[in-house]
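S.K.: Quick one: structure below, then a few questions.
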Protein chains: 2
Amino acid sequence: MNDPLYTFFHPRGVAVLGASANPTKLSYGVLHNLVMHGYPGPIYPVNPKGGEILGLRVYPSVADVPDPVDLAVIVLPAAQVAGALEECGKRGIRHAVLIASGFGELGAQGKEEEERLRQVARTYGIRFIGPNCVGVLDTYVPIDTTFSRTMPGKGGIGLVSHSGAVCGGTMDWAAVVGVGFSRIISLGNQADVDIADALDSLAADPNTRVVAAYIEGLPDGRRFVEAARRLTARKPLVVLKAGRTPSGTRAVSSHTGALAGAEQAFLAACRRAGAIPVETLEEMVDAAIALAYRRPPRSLRIAILTNAGGPAAVGADHVDRHGMRLADLSPETQARLREVCPPGTMTGNPVDMLGGPQADHYAAALKVLLEAPEVDGVMTIFVPQAITPLYDVAVAVGRTAETAEKPVVCCISGGGGIRAAARALHTHSVPHYLTPCRAAFGLGALWKYAHIRETRPPDPEPPPDLDRERVCALLEGR
Amino acid sequence: MNDPLYTFFHPRGVAVLGASANPTKLSYGVLHNLVMHGYPGPIYPVNPKGGEILGLRVYPSVADVPDPVDLAVIVLPAAQVAGALEECGKRGIRHAVLIASGFGELGAQGKEEEERLRQVARTYGIRFIGPNCVGVLDTYVPIDTTFSRTMPGKGGIGLVSHSGAVCGGTMDWAAVVGVGFSRIISLGNQADVDIADALDSLAADPNTRVVAAYIEGLPDGRRFVEAARRLTARKPLVVLKAGRTPSGTRAVSSHTGALAGAEQAFLAACRRAGAIPVETLEEMVDAAIALAYRRPPRSLRIAILTNAGGPAAVGADHVDRHGMRLADLSPETQARLREVCPPGTMTGNPVDMLGGPQADHYAAALKVLLEAPEVDGVMTIFVPQAITPLYDVAVAVGRTAETAEKPVVCCISGGGGIRAAARALHTHSVPHYLTPCRAAFGLGALWKYAHIRETRPPDPEPPPDLDRERVCALLEGR
């Protein structure tokens with residue numbers, strides 16, 4: 001499979017149009033991130049003023065930039081973008097990221113401006129991302145054309161989003177708890193490169209294990225479903241779509257009511273595409289980290305290992321709500337648990353070690369549960385208390401679970417003291433959650449993916465029928 | 001209304017049986033919290049070893065403790081609890097908190113032990129909380145008989161919980177973001193004082209504005225519904241019940257399947273009781289802070305004020321999902337917004353101030369929206385970016401919203417940098433949420449409460465009918 005966005009992530013050189021030496025400007029942020037986050041190729045700031053920024057020579061115009069240069073990041077006001085794109089075209093640059101807002105999102109006149117961008121792009125054979133986006137990054141190359149303050153670490157999550165704020169928020173969260181990303185693609189108004197291109201790109205990217213997509217507009221529903229199907233033949237796809245209710249539709253576009261009914265169409269599209277639909281930003285992240293770190297369970301029997309009964313009961317309810325159930329632990333498993341757990345441990349399921357378990361108890365009991373044939377996956381819960389350092393529990397759980405085939409998720413609740421523990425878990429490929437409810441959601445996403453893989457309709461697709469037409473029409477707002 | 005637990009919160013003296021000078025012991029924690037969190041009455045540690053702890057004289061037995069003493073906190077191993085309770089009875093102490101686990105939660109033998117506790121209590125006219133609990137606290141008295149490491153600040157939320165871990169987790173979270181509580185009641189096995197007593201107590205407490213209840217077992221469903229009805233005639237009640245699914249039931253008790261069908265019964269009981277049912281721990285907290293800080297909206301028309309389109313679109317979807325909708329902003333309101341917002345602001349709803357609004361813009365625009373007759377409540381969203389300090393935005397939103405009749409919620413996303421902003425918002429009675437989805441849930445809880453108040457069936461209750469019987473039977477697991 002070819003990556004249609006390959007050159008955006010592997011350009012032989014990058015020009016930044018509108019480069020500024022003022023650290024409060026977005027264009028400085030882009031330059032800073034390209035330099036500081038380790039892009040290995042040449043970087044060419046462009047500004048009529050010339051001079052030097054971050055030790056780089058500034059070129060007065062893109063025409064003066066030497067070879068090689070495959071990508072332009074255009075950080076100019078909206079009115080200057082089309083002209084700059086044309087300059088890039090003349091210079092032989094065939095890929096561009098357009099940061100400026102002030103286009104299609106403003107209405108009819110803005111849409112005309114966008115059409116002008118497309119005309120320039122067609123004339124010169126340019127592919128462009130945006131306008132109204134925050135750029136793209138790949139942590140493995142590495143290349144970071146965004147102006148975000150944080151760069152996530154390497155990892156398996158590919159994120160594509162119509163909202164720059166959703167990209168930024170997710171990166172901020174990820175930096176704190178140590179979750180890694182492969183690529184982040186901020187699409188903005190998707191006037192050229194669209195969600196389908198992004199899904200094809202992430203399907204082809206060897207470092208991407210799961211794709212999380214935040215979607216607002218789907219101008220071509222069929223293209224989306226087909227790209228999603230290609231992707232989900234290889235890896236899981238989690239989708240949050242905004243604009244599924246009347247108020248949400250209105251927020252996404254001024255065409256009030258044009259997408260009424262889109263909720264059902266979207267869920268039908270997800271079924272067809274083999275995608276996992278989610279309702280909230282938390283669910284998008286919760287599902288993505290589970291799918292990035294763990295394989296799906298073979299069946300639905302979950303064990304809960306805990307030091308507190310209440311959170312375990314809540315977790316058990318949510319295990320059930322997500323279509324799984326508590327495993328029946330065999331007498332052998334319970335006997336083995338009694339050998340390794342603190343006295344008084346309740347060895348039914350949930351396995352409740354009560355108030356006093358140490359990190360070693362967690363490791364030993366988790367090992368027993370992972371080896372038990374009647375268990376398909378484990379939710380570990382640790383409620384911090386005075387005697388046991390939570391970081392030690394996280395390391396013990398992480399080391400024990402790291403190489404296991406069965407999925408393990410870990411809930412450690414608490415305030416700021418949780419970060420080191422979350423990082424330790426993620427280092428060992430165990431997704432961390434703040435509550436048992438969210439941990440159950442993570443396990444549930446793995447279980448949904450197992451189900452999707454089993455029930456996937458055969459390729460090639462059946463011929464389009466009436467329902468499919470209707471679904472596409474609704475998705476596109478017709 | 002009388003507070004059936006009045007003396008638990010206003011004892012004229014407290015004895016701590018099993019007091020230890022070892023700081024890793026729970027009993028030391030209890031003594032520490034009584035002393036350090038400011039309980040104004042005399043405190044009497046009891047231990048046969050005698051001596052002194054935290055500057056307090058230790059009495060060899062409870063019989064030696066001088067008057068006045070109305071409450072005993074018994075922090076002894078399970079086997080010694082019944083004897084100690086009897087000693088307290090002989091000494092004339094009529095209220096006790098029993099911390100030890102190892103009773104009814106262990107099965108038949110433990111239940112017998114609990115029955116013994118009840119016999120002692122009946123003999124001496126004692127009321128007791130527990131066993132298997134973490135104690136109770138009131139931030140206004142103040143009195144803290146728990147061994148938790150954090151004491152929340154004063155506030156309007158009364159929390160009652162069958163799980164000590166849920167109490168602890170909620171207190172930890174609250175301490176970080178500056179949310180205050182009136183009382184926290186950890187019920188444990190509720191062998192004597194039960195959820196209905198706790199609800200009556202919180203209904204009578206003048207400092208409690210909203211009650212959040214985490215419930216596992218309901219031995220007397222009818223008593224619960226009647227107490228909840230009494231409470232909700234005065235203030236809102238949010239209920240999370242564990243054990244509503246087969247797996248959850250199993251986690252709550254070993255009587256597998258005994259509560260099958262309890263989900264429907266629980267929801268029916270909430271309807272009858274005028275309570276707001278929630279599904280997750282997050283929802284319990286999200287609803288409680290909205291109801292503690294803000295009054296319900298008069299109608300369902302919500303305005304969203306934001307600096308980022310994506311989160312606003314997600315928020316709008318969730319506004320709709322919780323039964324509200326986006327307000328239609330009048331030309332007058334939009335004209336006023338144009339006067340006070342940054343250039344380029346989209347003055348439809350959501351009101352999107354794009355990338356550059358300062359704290360002053362938030363204050364001015366929020367004021368316009370709060371004064372607009374077509375708006376019943378406001379969700380403000382701020383996605384942190386380099387130019388505007390998020391703390392300033394929080395203070396601006398808080399000050400503007402503080403005295404408004406209309407509900408205002410605020411979503412500021414981010415990592416650890418969010419805490420000061422969250423605290424500032426809570427200081428000004430504006431609930432803070434990390435995502436627009438959760439902010440919409442908070443608004444939705446206010447809107448549900450408005451609906452509950454309007455549609456409350458008249459008191460006195462109609463005579464019991466067949467359905468009510470069935471509901472009670474199911475709740476009690478019959």
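Identifiers in this document derive from the order of the structure tokens: chains are assigned A, B, ..., residues are numbered from 1 separately in each chain, and ligands are numbered from 1 in order of occurrence.
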Contacts from chain A to chain B, 8 Å maximum, only C-alpha atoms: show me the residue list as number ranges by chain.

M.R.: A: 24, 162-166, 169, 172-173, 176, 216, 242-249, 251-252, 280-282, 308-321, 325-326, 349-350, 383, 386-387, 413-416, 435, 437

S.K.: Looking only at strand (DSSP E) from DSSP on the backbone, list the matching residues of region 18-122 of chain A as a ChimeraX atom specification.

M.R.: /A:43-46,52-53,56-57,71-74,95-98

S.K.: Give me every helix (DSSP H, G or I) residue in region 105-349 of chain B, going by DSSP on the backbone, as number ranges by chain.

M.R.: B: 105-106, 108-124, 164-177, 195-204, 221-232, 246-252, 262-273, 281-293, 309-321, 331-340

S.K.: Near Arg338 (chain B), within 8 Å and counting only C-alpha atoms, which residues show up once chain neighbours fewer than 5 positions away are dropped, as a CSV table (one decimal) with N, CA and C atoms, in the first residue's frame?

M.R.:
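Wrote it out as out.csv, contents follow:
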```csv
chain,number,residue,atom,x,y,z
B,343,PRO,N,-11.6,41.1,16.8
B,343,PRO,CA,-12.0,41.1,15.4
B,343,PRO,C,-12.0,39.6,14.8
B,345,THR,N,-14.3,37.4,15.4
B,345,THR,CA,-15.1,36.5,16.2
B,345,THR,C,-16.4,36.1,15.4
B,347,THR,N,-20.0,35.3,15.7
B,347,THR,CA,-20.9,35.6,16.8
B,347,THR,C,-22.2,34.8,16.8
```

S.K.: If you count only C-alpha atoms, which residues fall within 12 Å of Leu199 (chain B), apart from same-chain ones fewer than 5 positions away, as number ranges by chain?

M.R.: B: 1-5, 158-161, 183-185, 187, 193-194, 204-205, 208, 210-215, 223-239, 273, 275

S.K.: Might you pull out every residue within 10 Å of His428 (chain B), with only C-alpha atoms counted and same-chain residues fewer than 2 positions away left off, and present them as a list in words?

M.R.: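 Residues near the query, excluding close chain neighbours: Tyr293, Ala394, Val395, Ala396, Val397, Gly398, Arg399, Thr400, Ala401, Glu402, Thr403, Arg423, Ala424, Leu425, His426, Val430 and Pro431 of chain B.
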
S.K.: Those residues you just picked out, can you put them in a file as a short mmCIF file (atom, residue, chain, number, x, y, z; two decimals), in the first residue's frame with all heavy atoms?

M.R.:
```cif
data_model
loop_
_atom_site.label_atom_id
_atom_site.label_comp_id
_atom_site.auth_asym_id
_atom_site.auth_seq_id
_atom_site.Cartn_x
_atom_site.Cartn_y
_atom_site.Cartn_z
N TYR B 293 -22.67 24.22 42.88
CA TYR B 293 -22.27 25.60 42.62
C TYR B 293 -23.34 26.44 41.94
O TYR B 293 -23.36 27.65 42.08
CB TYR B 293 -21.00 25.63 41.76
CG TYR B 293 -19.75 25.24 42.50
CD1 TYR B 293 -18.87 24.31 41.98
CD2 TYR B 293 -19.44 25.84 43.72
CE1 TYR B 293 -17.70 23.97 42.65
CE2 TYR B 293 -18.27 25.50 44.39
CZ TYR B 293 -17.40 24.56 43.84
OH TYR B 293 -16.25 24.24 44.51
N ALA B 394 -9.56 31.93 33.82
CA ALA B 394 -10.37 31.33 34.87
C ALA B 394 -10.91 32.40 35.82
O ALA B 394 -12.09 32.40 36.19
CB ALA B 394 -9.56 30.28 35.63
N VAL B 395 -10.05 33.31 36.22
CA VAL B 395 -10.47 34.37 37.15
C VAL B 395 -11.51 35.26 36.47
O VAL B 395 -12.53 35.62 37.07
CB VAL B 395 -9.26 35.19 37.62
CG1 VAL B 395 -9.71 36.43 38.38
CG2 VAL B 395 -8.36 34.33 38.50
N ALA B 396 -11.28 35.61 35.21
CA ALA B 396 -12.23 36.47 34.49
C ALA B 396 -13.59 35.79 34.39
O ALA B 396 -14.64 36.42 34.64
CB ALA B 396 -11.67 36.80 33.10
N VAL B 397 -13.60 34.52 34.02
CA VAL B 397 -14.86 33.78 33.90
C VAL B 397 -15.52 33.66 35.27
O VAL B 397 -16.71 33.90 35.44
CB VAL B 397 -14.63 32.39 33.28
CG1 VAL B 397 -15.87 31.50 33.41
CG2 VAL B 397 -14.22 32.52 31.82
N GLY B 398 -14.73 33.34 36.29
CA GLY B 398 -15.27 33.16 37.63
C GLY B 398 -15.90 34.42 38.16
O GLY B 398 -17.04 34.40 38.63
N ARG B 399 -15.20 35.54 38.05
CA ARG B 399 -15.73 36.81 38.57
C ARG B 399 -17.01 37.22 37.86
O ARG B 399 -17.93 37.76 38.46
CB ARG B 399 -14.68 37.92 38.42
CG ARG B 399 -13.57 37.76 39.43
CD ARG B 399 -12.77 39.05 39.57
NE ARG B 399 -11.71 38.83 40.54
CZ ARG B 399 -10.47 39.30 40.44
NH1 ARG B 399 -10.15 40.03 39.38
NH2 ARG B 399 -9.58 39.07 41.36
N THR B 400 -17.03 37.01 36.55
CA THR B 400 -18.20 37.42 35.78
C THR B 400 -19.42 36.55 36.11
O THR B 400 -20.55 37.03 36.18
CB THR B 400 -17.89 37.32 34.27
OG1 THR B 400 -16.67 37.99 34.01
CG2 THR B 400 -19.01 37.93 33.45
N ALA B 401 -19.16 35.27 36.32
CA ALA B 401 -20.27 34.32 36.49
C ALA B 401 -20.77 34.25 37.92
O ALA B 401 -21.89 33.83 38.18
CB ALA B 401 -19.83 32.92 36.03
N GLU B 402 -19.93 34.67 38.87
CA GLU B 402 -20.18 34.40 40.29
C GLU B 402 -21.59 34.75 40.74
O GLU B 402 -22.26 33.95 41.38
CB GLU B 402 -19.16 35.19 41.12
CG GLU B 402 -19.11 34.77 42.56
CD GLU B 402 -17.79 35.16 43.19
OE1 GLU B 402 -17.20 36.17 42.75
OE2 GLU B 402 -17.33 34.43 44.09
N THR B 403 -22.04 35.94 40.41
CA THR B 403 -23.32 36.40 40.95
C THR B 403 -24.47 36.19 39.96
O THR B 403 -25.60 36.58 40.24
CB THR B 403 -23.23 37.90 41.30
OG1 THR B 403 -22.79 38.60 40.13
CG2 THR B 403 -22.26 38.12 42.43
N ARG B 423 -9.03 25.70 40.57
CA ARG B 423 -9.27 26.24 41.91
C ARG B 423 -9.90 27.63 41.82
O ARG B 423 -10.81 27.96 42.58
CB ARG B 423 -7.96 26.34 42.69
CG ARG B 423 -7.47 25.01 43.22
CD ARG B 423 -6.15 25.17 43.97
NE ARG B 423 -5.92 24.00 44.78
CZ ARG B 423 -6.40 23.82 46.00
NH1 ARG B 423 -7.13 24.76 46.57
NH2 ARG B 423 -6.17 22.71 46.66
N ALA B 424 -9.38 28.45 40.92
CA ALA B 424 -9.91 29.81 40.78
C ALA B 424 -11.38 29.75 40.38
O ALA B 424 -12.22 30.47 40.93
CB ALA B 424 -9.10 30.58 39.74
N LEU B 425 -11.71 28.89 39.45
CA LEU B 425 -13.10 28.76 39.02
C LEU B 425 -13.98 28.33 40.19
O LEU B 425 -15.03 28.90 40.44
CB LEU B 425 -13.21 27.77 37.87
CG LEU B 425 -12.74 28.31 36.51
CD1 LEU B 425 -12.51 27.19 35.53
CD2 LEU B 425 -13.75 29.32 35.95
N HIS B 426 -13.53 27.31 40.94
CA HIS B 426 -14.34 26.79 42.04
C HIS B 426 -14.51 27.84 43.14
O HIS B 426 -15.56 27.91 43.78
CB HIS B 426 -13.74 25.49 42.56
CG HIS B 426 -13.80 24.39 41.55
ND1 HIS B 426 -12.94 23.33 41.52
CD2 HIS B 426 -14.63 24.21 40.49
CE1 HIS B 426 -13.24 22.54 40.50
NE2 HIS B 426 -14.25 23.05 39.87
N VAL B 430 -17.89 28.44 39.91
CA VAL B 430 -18.05 27.95 38.54
C VAL B 430 -17.41 26.57 38.46
O VAL B 430 -16.22 26.43 38.70
CB VAL B 430 -17.38 28.90 37.52
CG1 VAL B 430 -17.46 28.32 36.12
CG2 VAL B 430 -18.03 30.27 37.57
N PRO B 431 -18.21 25.55 38.15
CA PRO B 431 -17.61 24.21 38.05
C PRO B 431 -16.64 24.12 36.87
O PRO B 431 -16.94 24.59 35.78
CB PRO B 431 -18.81 23.28 37.85
CG PRO B 431 -19.97 24.14 37.51
CD PRO B 431 -19.66 25.54 37.97
#
```

S.K.: Can you measure CA of Asn47 (chain A) to CA of Leu17 (chain A) for me? One decimal in Å is fine.

M.R.: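 These two atoms are separated by 6.6 Å.
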
S.K.: Pro68 (chain A): which residues within 10 Å, counting only C-alpha atoms, same-chain residues fewer than 6 positions away excluded, as a list in words?

M.R.: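 Listing them by chain and then by number gives Pro11, Arg12, Gly13, Val14, Ala15, Gly41, Pro42, Ile43 and Ile93 of chain A.
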
S.K.: Taking C-alpha atoms for each residue, export the selection above as a PDB file, in the first residue's frame.

M.R.:
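File produced: part.pdb:
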```pdb
ATOM      1  CA  PRO A  11      10.538  15.827   2.458  1.00  0.00           C
ATOM      2  CA  ARG A  12      14.137  16.309   1.335  1.00  0.00           C
ATOM      3  CA  GLY A  13      13.906  19.911   2.533  1.00  0.00           C
ATOM      4  CA  VAL A  14      11.340  22.254   4.082  1.00  0.00           C
ATOM      5  CA  ALA A  15      10.712  25.931   3.365  1.00  0.00           C
ATOM      6  CA  GLY A  41      16.840  17.659   6.366  1.00  0.00           C
ATOM      7  CA  PRO A  42      17.593  21.283   5.426  1.00  0.00           C
ATOM      8  CA  ILE A  43      15.235  23.995   6.703  1.00  0.00           C
ATOM      9  CA  ILE A  93       7.547  22.521  -4.559  1.00  0.00           C
TER      10      ILE A  93
END
```

S.K.: Give me, as number ranges by chain, all polymer residues having an atom no more than 12 Å from region 52-64 of chain A, counting only C-alpha atoms and skipping those fewer than 6 positions away in the same chain.

M.R.: A: 14-23, 27-36, 42-46, 70-74, 83-93

S.K.: Would you compute the distance between CA of Tyr391 (chain A) and CA of Ala421 (chain A)? Give it in Å to one decimal.

M.R.: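 That distance, rounded to one decimal, is 4.7 Å.
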
S.K.: Which residue, B:Asp67, B:Asp144, B:Glu283, B:Asp192, has the smallest gap to Gln119 (chain B) when you use only C-alpha atoms?

M.R.: B:Asp192

S.K.: Go ahead and compute the interatomic distance for CA of Arg298 (chain B) and CA of Ala203 (chain B), in Å to one decimal.

M.R.: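 According to the coordinates, CA of Arg298 (chain B) and CA of Ala203 (chain B) are separated by 24.0 Å.
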